[in-house]
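Dumped final.pdb below, it's PDB, C-alpha atoms:
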```pdb
ATOM      1  CA  MET A 215      22.343   0.392  13.415
ATOM      2  CA  GLN A 216      20.553   3.575  14.435
ATOM      3  CA  ILE A 217      18.026   4.715  11.825
ATOM      4  CA  LEU A 218      16.508   7.667  13.713
ATOM      5  CA  ASP A 219      18.050   9.790  16.440
ATOM      6  CA  HIS A 220      16.225  11.962  18.963
ATOM      7  CA  ASN A 221      16.025  15.067  16.764
ATOM      8  CA  GLN A 222      14.912  13.045  13.749
ATOM      9  CA  VAL A 223      12.099  11.429  15.751
ATOM     10  CA  ILE A 224      10.910  14.882  16.888
ATOM     11  CA  GLN A 225      11.077  16.136  13.294
ATOM     12  CA  LYS A 226       9.097  13.120  12.016
ATOM     13  CA  VAL A 227       6.404  13.669  14.670
ATOM     14  CA  LYS A 228       5.997  17.319  13.682
ATOM     15  CA  ARG A 229       5.837  16.574   9.956
ATOM     16  CA  LEU A 230       3.398  13.735  10.497
ATOM     17  CA  ALA A 231       1.187  15.948  12.692
ATOM     18  CA  TYR A 232       1.034  18.597   9.956
ATOM     19  CA  GLN A 233       0.039  15.957   7.412
ATOM     20  CA  VAL A 234      -2.721  14.685   9.709
ATOM     21  CA  ALA A 235      -3.901  18.265  10.304
ATOM     22  CA  GLU A 236      -4.073  18.971   6.564
ATOM     23  CA  GLU A 237      -6.095  15.836   5.849
ATOM     24  CA  ASN A 238      -8.442  16.415   8.792
ATOM     25  CA  PHE A 239      -8.798  20.194   8.562
ATOM     26  CA  GLY A 240     -12.301  21.250   9.553
ATOM     27  CA  ALA A 241     -13.051  18.075  11.495
ATOM     28  CA  ALA A 242     -14.848  18.779  14.775
ATOM     29  CA  SER A 243     -12.870  16.039  16.520
ATOM     30  CA  ILE A 244     -10.168  13.454  15.937
ATOM     31  CA  VAL A 245      -9.843  10.292  18.004
ATOM     32  CA  ILE A 246      -6.212   9.184  18.290
ATOM     33  CA  LEU A 247      -5.810   5.534  19.285
ATOM     34  CA  GLY A 248      -2.315   4.309  20.153
ATOM     35  CA  ILE A 249      -1.669   0.581  19.964
ATOM     36  CA  ASN A 250      -0.242  -0.867  23.177
ATOM     37  CA  ASN A 251       2.657   0.880  24.926
ATOM     38  CA  ASN A 252       4.924   2.332  22.247
ATOM     39  CA  GLY A 253       2.014   3.073  19.946
ATOM     40  CA  LEU A 254       0.369   5.057  22.738
ATOM     41  CA  ARG A 255       3.622   6.917  23.451
ATOM     42  CA  PHE A 256       3.905   7.851  19.778
ATOM     43  CA  ALA A 257       0.189   8.767  19.671
ATOM     44  CA  ARG A 258       0.687  11.084  22.655
ATOM     45  CA  MET A 259       3.542  12.836  20.854
ATOM     46  CA  VAL A 260       1.422  13.307  17.723
ATOM     47  CA  GLU A 261      -1.517  14.523  19.813
ATOM     48  CA  GLN A 262       0.656  17.165  21.531
ATOM     49  CA  GLU A 263       1.758  18.535  18.163
ATOM     50  CA  LEU A 264      -1.794  18.469  16.807
ATOM     51  CA  ARG A 265      -2.966  20.534  19.796
ATOM     52  CA  LEU A 266      -0.594  23.292  18.663
ATOM     53  CA  ILE A 267      -1.663  23.070  15.017
ATOM     54  CA  LEU A 268      -5.433  22.545  15.502
ATOM     55  CA  PRO A 269      -6.314  24.402  18.723
ATOM     56  CA  ASN A 270     -10.049  24.425  17.916
ATOM     57  CA  THR A 271     -10.327  20.706  17.157
ATOM     58  CA  GLU A 272     -11.334  18.300  19.905
ATOM     59  CA  LEU A 273      -8.600  15.677  20.236
ATOM     60  CA  ILE A 274      -9.414  12.484  22.098
ATOM     61  CA  LEU A 275      -6.410  10.317  23.005
ATOM     62  CA  SER A 276      -6.938   6.699  23.954
ATOM     63  CA  HIS A 277      -5.486   3.263  23.298
ATOM     64  CA  ILE A 278      -6.102  -0.093  21.689
ATOM     65  CA  SER A 279      -4.812  -3.063  23.692
ATOM     66  CA  LEU A 280      -4.065  -6.394  22.072
ATOM     67  CA  ASN A 281      -1.598  -9.251  22.206
ATOM     68  CA  PRO A 282       0.496  -8.856  19.023
ATOM     69  CA  ALA A 283       2.052 -12.317  19.363
ATOM     70  CA  ASN A 284      -1.363 -14.012  19.572
ATOM     71  CA  PRO A 285      -4.143 -11.513  18.787
ATOM     72  CA  LEU A 286      -6.929 -14.082  19.196
ATOM     73  CA  GLN A 287      -5.819 -15.232  22.653
ATOM     74  CA  ASP A 288      -6.957 -12.127  24.546
ATOM     75  CA  ALA A 289      -9.767  -9.690  23.918
ATOM     76  CA  ILE A 290      -8.880  -6.607  21.876
ATOM     77  CA  SER A 291     -10.043  -3.513  23.710
ATOM     78  CA  VAL A 292     -10.346   0.215  23.150
ATOM     79  CA  GLY A 293      -9.802   2.590  26.069
ATOM     80  CA  ILE A 294     -13.005   4.546  25.386
ATOM     81  CA  PRO A 295     -16.531   3.269  24.754
ATOM     82  CA  THR A 296     -16.728   2.288  21.096
ATOM     83  CA  GLU A 297     -19.993   4.185  20.601
ATOM     84  CA  GLN A 298     -17.944   7.391  21.053
ATOM     85  CA  LEU A 299     -16.183   6.487  17.788
ATOM     86  CA  ASN A 300     -19.299   6.808  15.632
ATOM     87  CA  ASN A 301     -19.011   9.545  12.988
ATOM     88  CA  LYS A 302     -15.522  10.518  14.227
ATOM     89  CA  ASN A 303     -12.246  10.794  12.357
ATOM     90  CA  ILE A 304     -10.027   8.093  13.841
ATOM     91  CA  LEU A 305      -6.247   7.934  13.678
ATOM     92  CA  VAL A 306      -4.782   4.548  14.656
ATOM     93  CA  VAL A 307      -1.133   4.951  15.687
ATOM     94  CA  ASP A 308       1.730   2.512  16.209
ATOM     95  CA  ASP A 309       5.493   2.820  16.352
ATOM     96  CA  VAL A 310       6.338   0.276  13.626
ATOM     97  CA  ALA A 311       4.272  -1.355  10.884
ATOM     98  CA  ASN A 312       5.828  -4.577   9.676
ATOM     99  CA  THR A 313       3.525  -7.181   8.139
ATOM    100  CA  GLY A 314       0.390  -5.226   9.072
ATOM    101  CA  ARG A 315      -0.896  -7.988  11.341
ATOM    102  CA  THR A 316      -1.033  -5.928  14.543
ATOM    103  CA  LEU A 317      -2.776  -3.062  12.748
ATOM    104  CA  TYR A 318      -5.169  -5.497  11.067
ATOM    105  CA  PHE A 319      -6.317  -6.891  14.413
ATOM    106  CA  ALA A 320      -6.278  -3.457  16.079
ATOM    107  CA  LEU A 321      -8.981  -2.361  13.631
ATOM    108  CA  GLN A 322     -11.346  -5.136  14.782
ATOM    109  CA  PRO A 323     -13.126  -3.081  17.494
ATOM    110  CA  LEU A 324     -13.722  -0.311  14.949
ATOM    111  CA  MET A 325     -15.865  -2.711  12.916
ATOM    112  CA  GLN A 326     -18.585  -2.305  15.564
ATOM    113  CA  VAL A 327     -19.105   1.380  14.703
ATOM    114  CA  VAL A 328     -19.338   3.634  11.658
ATOM    115  CA  PRO A 329     -16.555   6.223  11.879
ATOM    116  CA  ALA A 330     -16.324   9.172   9.503
ATOM    117  CA  LYS A 331     -12.781   8.163   8.546
ATOM    118  CA  VAL A 332     -10.067   5.756   9.729
ATOM    119  CA  GLU A 333      -6.411   6.468   9.033
ATOM    120  CA  VAL A 334      -3.150   4.852  10.142
ATOM    121  CA  ALA A 335       0.056   6.569  11.264
ATOM    122  CA  VAL A 336       3.378   4.945  12.184
ATOM    123  CA  LEU A 337       6.849   6.198  12.956
ATOM    124  CA  VAL A 338       8.524   3.483  10.851
ATOM    125  CA  ASN A 339       6.788   1.658   8.004
ATOM    126  CA  ARG A 340       8.411  -1.542   6.801
ATOM    127  CA  GLU A 341       7.464  -2.758   3.354
ATOM    128  CA  HIS A 342       6.477  -6.343   4.280
ATOM    129  CA  LYS A 343       2.687  -6.182   4.347
ATOM    130  CA  SER A 344       0.996  -9.578   4.504
ATOM    131  CA  PHE A 345      -2.337  -8.055   5.516
ATOM    132  CA  PRO A 346      -4.498  -5.516   3.654
ATOM    133  CA  ILE A 347      -3.285  -2.518   5.636
ATOM    134  CA  LYS A 348      -2.401   0.858   4.148
ATOM    135  CA  VAL A 349      -0.311   3.267   6.196
ATOM    136  CA  ASP A 350      -1.516   6.816   5.552
ATOM    137  CA  TYR A 351       1.212   8.671   7.470
ATOM    138  CA  GLN A 352       4.741   7.472   8.100
ATOM    139  CA  GLY A 353       7.801   9.048   9.586
ATOM    140  CA  LEU A 354      10.183   6.755   7.714
ATOM    141  CA  SER A 355       9.669   3.972   5.187
ATOM    142  CA  LEU A 356      12.221   1.147   5.044
ATOM    143  CA  ALA A 357      12.687  -1.892   2.846
ATOM    144  CA  THR A 358      14.350  -4.406   5.162
ATOM    145  CA  THR A 359      14.837  -8.139   5.231
ATOM    146  CA  LEU A 360      12.274 -10.213   7.097
ATOM    147  CA  LYS A 361      14.950 -11.249   9.603
ATOM    148  CA  GLU A 362      15.760  -7.665  10.592
ATOM    149  CA  ASN A 363      13.999  -6.102  13.538
ATOM    150  CA  ILE A 364      13.254  -2.463  14.344
ATOM    151  CA  GLU A 365      13.287  -1.313  17.952
ATOM    152  CA  VAL A 366      11.921   2.100  18.875
ATOM    153  CA  ASN A 367      12.687   3.812  22.191
ATOM    154  CA  LEU A 368      10.167   6.481  23.153
ATOM    155  CA  LEU A 369      10.582   6.114  26.928
ATOM    156  CA  ASP A 370      13.354   8.624  27.564
ATOM    157  CA  ASN A 371      12.212  12.166  26.653
ATOM    158  CA  GLN A 372      15.832  13.135  25.968
ATOM    159  CA  ASP A 373      16.850  10.102  23.908
ATOM    160  CA  TYR A 374      14.196   8.959  21.438
ATOM    161  CA  LYS A 375      15.639   6.617  18.814
ATOM    162  CA  ALA A 376      14.986   3.801  16.400
ATOM    163  CA  HIS A 377      17.413   0.974  15.692
ATOM    164  CA  LEU A 378      17.563  -1.658  12.984
ATOM    165  CA  ASN A 379      18.878  -4.985  14.311
TER     166      ASN A 379
END
```

Target format structure tokens, applied to this file:
Amino acid sequence: MQILDHNQVIQKVKRLAYQVAEENFGAASIVILGINNNGLRFARMVEQELRLILPNTELILSHISLNPANPLQDAISVGIPTEQLNNKNILVVDDVANTGRTLYFALQPLMQVVPAKVEVAVLVNREHKSFPIKVDYQGLSLATTLKENIEVNLLDNQDYKAHLN
């Protein structure tokens, strides 16, 4: 079942970007870290909107890489040197938040620095948190069963969508 079509995804990105801009107004810079592939795609979309809203704010787009299936198996890495995160507002971005496990482990590299602020943004937030993760910005919040799965397609610029399976 489709839960978001292309136009709805675009609308959610714009609304989310305005919310981020309001909460980070006056910040000299914002570091936007997308988790893995789809998180980075969504982060890039948010960053493009933020550039229009906050033209005088430095926006740094990068990624966090981890193995969501087994986060302790491989090293968790950030695409920029972690010392560049000190005293910065950081926005960690993913496409879907389910139990919070991926986000929980994605925050690990940030424990090596002292950022000014860390916030979390997702396109779809599922209400199944098993880890102490709070989503600050969400495009859509869904209460689903644990057996249901959400798939987000952000590859095709003309056909963004989210499905509940």

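Selection result for the displayed file, with the PyMOL selection byres ((chain A and resi 260) around 9) as criterion, is Val227, Lys228, Leu230, Ala231, Ile246, Arg255, Phe256, Ala257, Arg258, Met259, Glu261, Gln262, Glu263, Leu264, Arg265 and Val307 of chain A.
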
So what does the PyMOL selection byres ((chain A and resi 274) around 8) actually pick up in this one, as a PDB file with C-alpha atoms, in the coordinates of the input?
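Wrote it out as part-v5.pdb, contents follow:
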```pdb
ATOM      1  CA  SER A 243     -12.870  16.039  16.520  1.00  0.00           C
ATOM      2  CA  ILE A 244     -10.168  13.454  15.937  1.00  0.00           C
ATOM      3  CA  VAL A 245      -9.843  10.292  18.004  1.00  0.00           C
ATOM      4  CA  ILE A 246      -6.212   9.184  18.290  1.00  0.00           C
ATOM      5  CA  GLU A 272     -11.334  18.300  19.905  1.00  0.00           C
ATOM      6  CA  LEU A 273      -8.600  15.677  20.236  1.00  0.00           C
ATOM      7  CA  LEU A 275      -6.410  10.317  23.005  1.00  0.00           C
ATOM      8  CA  SER A 276      -6.938   6.699  23.954  1.00  0.00           C
TER       9      SER A 276
END
```

Problem set entry | Output of the PyMOL selection byres ((chain A and resi 308) around 9), listed as a ChimeraX atom specification | /A:247-257,306-307,309-311,317,334-338

Okay, now the selection with C-alpha atoms, as a PDB file, in the frame of the given file?
```
ATOM      1  CA  LEU A 247      -5.810   5.534  19.285  1.00  0.00           C
ATOM      2  CA  GLY A 248      -2.315   4.309  20.153  1.00  0.00           C
ATOM      3  CA  ILE A 249      -1.669   0.581  19.964  1.00  0.00           C
ATOM      4  CA  ASN A 250      -0.242  -0.867  23.177  1.00  0.00           C
ATOM      5  CA  ASN A 251       2.657   0.880  24.926  1.00  0.00           C
ATOM      6  CA  ASN A 252       4.924   2.332  22.247  1.00  0.00           C
ATOM      7  CA  GLY A 253       2.014   3.073  19.946  1.00  0.00           C
ATOM      8  CA  LEU A 254       0.369   5.057  22.738  1.00  0.00           C
ATOM      9  CA  ARG A 255       3.622   6.917  23.451  1.00  0.00           C
ATOM     10  CA  PHE A 256       3.905   7.851  19.778  1.00  0.00           C
ATOM     11  CA  ALA A 257       0.189   8.767  19.671  1.00  0.00           C
ATOM     12  CA  VAL A 306      -4.782   4.548  14.656  1.00  0.00           C
ATOM     13  CA  VAL A 307      -1.133   4.951  15.687  1.00  0.00           C
ATOM     14  CA  ASP A 309       5.493   2.820  16.352  1.00  0.00           C
ATOM     15  CA  VAL A 310       6.338   0.276  13.626  1.00  0.00           C
ATOM     16  CA  ALA A 311       4.272  -1.355  10.884  1.00  0.00           C
ATOM     17  CA  LEU A 317      -2.776  -3.062  12.748  1.00  0.00           C
ATOM     18  CA  VAL A 334      -3.150   4.852  10.142  1.00  0.00           C
ATOM     19  CA  ALA A 335       0.056   6.569  11.264  1.00  0.00           C
ATOM     20  CA  VAL A 336       3.378   4.945  12.184  1.00  0.00           C
ATOM     21  CA  LEU A 337       6.849   6.198  12.956  1.00  0.00           C
ATOM     22  CA  VAL A 338       8.524   3.483  10.851  1.00  0.00           C
TER      23      VAL A 338
END
```

Exercise. Glu333 of chain A: which residues within 10 Å, counting all atoms listed in the file, same-chain residues fewer than 6 positions away excluded, as a list in words?
Worked result: Val234, Glu237, Ile246, Asn303, Ile304, Leu305, Val306, Val307, Lys348, Val349, Asp350 and Tyr351 of chain A

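Note that atom CA of Met215 of chain A and atom CA of Asn367 of chain A are 13.5 Å apart.
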
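Across A:Thr316, A:Gln225, A:Gln287, A:Gln326, the tightest approach to Leu299 of chain A is made by A:Gln326 when counting all atoms listed in the file.
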
Can you pull out the residues contacting Glu341 of chain A? Cut-off 10 Å, using all atoms listed in the file, and skip same-chain residues under 3 positions away; I want them as a short mmCIF file (atom, residue, chain, number, x, y, z; two decimals) with C-alpha atoms, in the frame of the given file.
```cif
data_model
loop_
_atom_site.label_atom_id
_atom_site.label_comp_id
_atom_site.auth_asym_id
_atom_site.auth_seq_id
_atom_site.Cartn_x
_atom_site.Cartn_y
_atom_site.Cartn_z
CA ALA A 311 4.27 -1.36 10.88
CA ASN A 312 5.83 -4.58 9.68
CA THR A 313 3.52 -7.18 8.14
CA GLY A 314 0.39 -5.23 9.07
CA VAL A 338 8.52 3.48 10.85
CA SER A 344 1.00 -9.58 4.50
CA SER A 355 9.67 3.97 5.19
CA LEU A 356 12.22 1.15 5.04
CA ALA A 357 12.69 -1.89 2.85
CA THR A 358 14.35 -4.41 5.16
CA THR A 359 14.84 -8.14 5.23
CA LEU A 360 12.27 -10.21 7.10
#
```

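Counting from atom CA of Asp373 of chain A, the distance to atom CA of Pro269 of chain A is 27.7 Å.
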
Problem set entry | Atom pair atom CA of Asn281 of chain A / atom CA of Ile364 of chain A: separation (Å) | 18.1 Å

The centre and edge lengths of an axis-aligned box containing all atoms of segment 261-278 of chain A present in the file, extended by 3 Å on each side, are to be given in Å to one decimal, as AutoDock Vina command-line options.
```
--center_x -4.8 --center_y 12.2 --center_z 19.5 --size_x 19.1 --size_y 30.5 --size_z 14.9
```

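Nearest residue to Arg340 of chain A among A:Val328, A:Glu362, A:Gln322, A:Gln222 is A:Glu362, counting all atoms listed in the file.
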
Problem set entry | Closest of A:Leu266, A:Ala320, A:Val223, A:Leu218 to Ile278 of chain A - atom-to-atom distances counting only C-alpha atoms | A:Ala320

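Distance check against Ile217 of chain A using all atoms listed in the file: of A:Asn379, A:Asn238, A:Gln352, A:Asn270, the minimum falls on A:Asn379.
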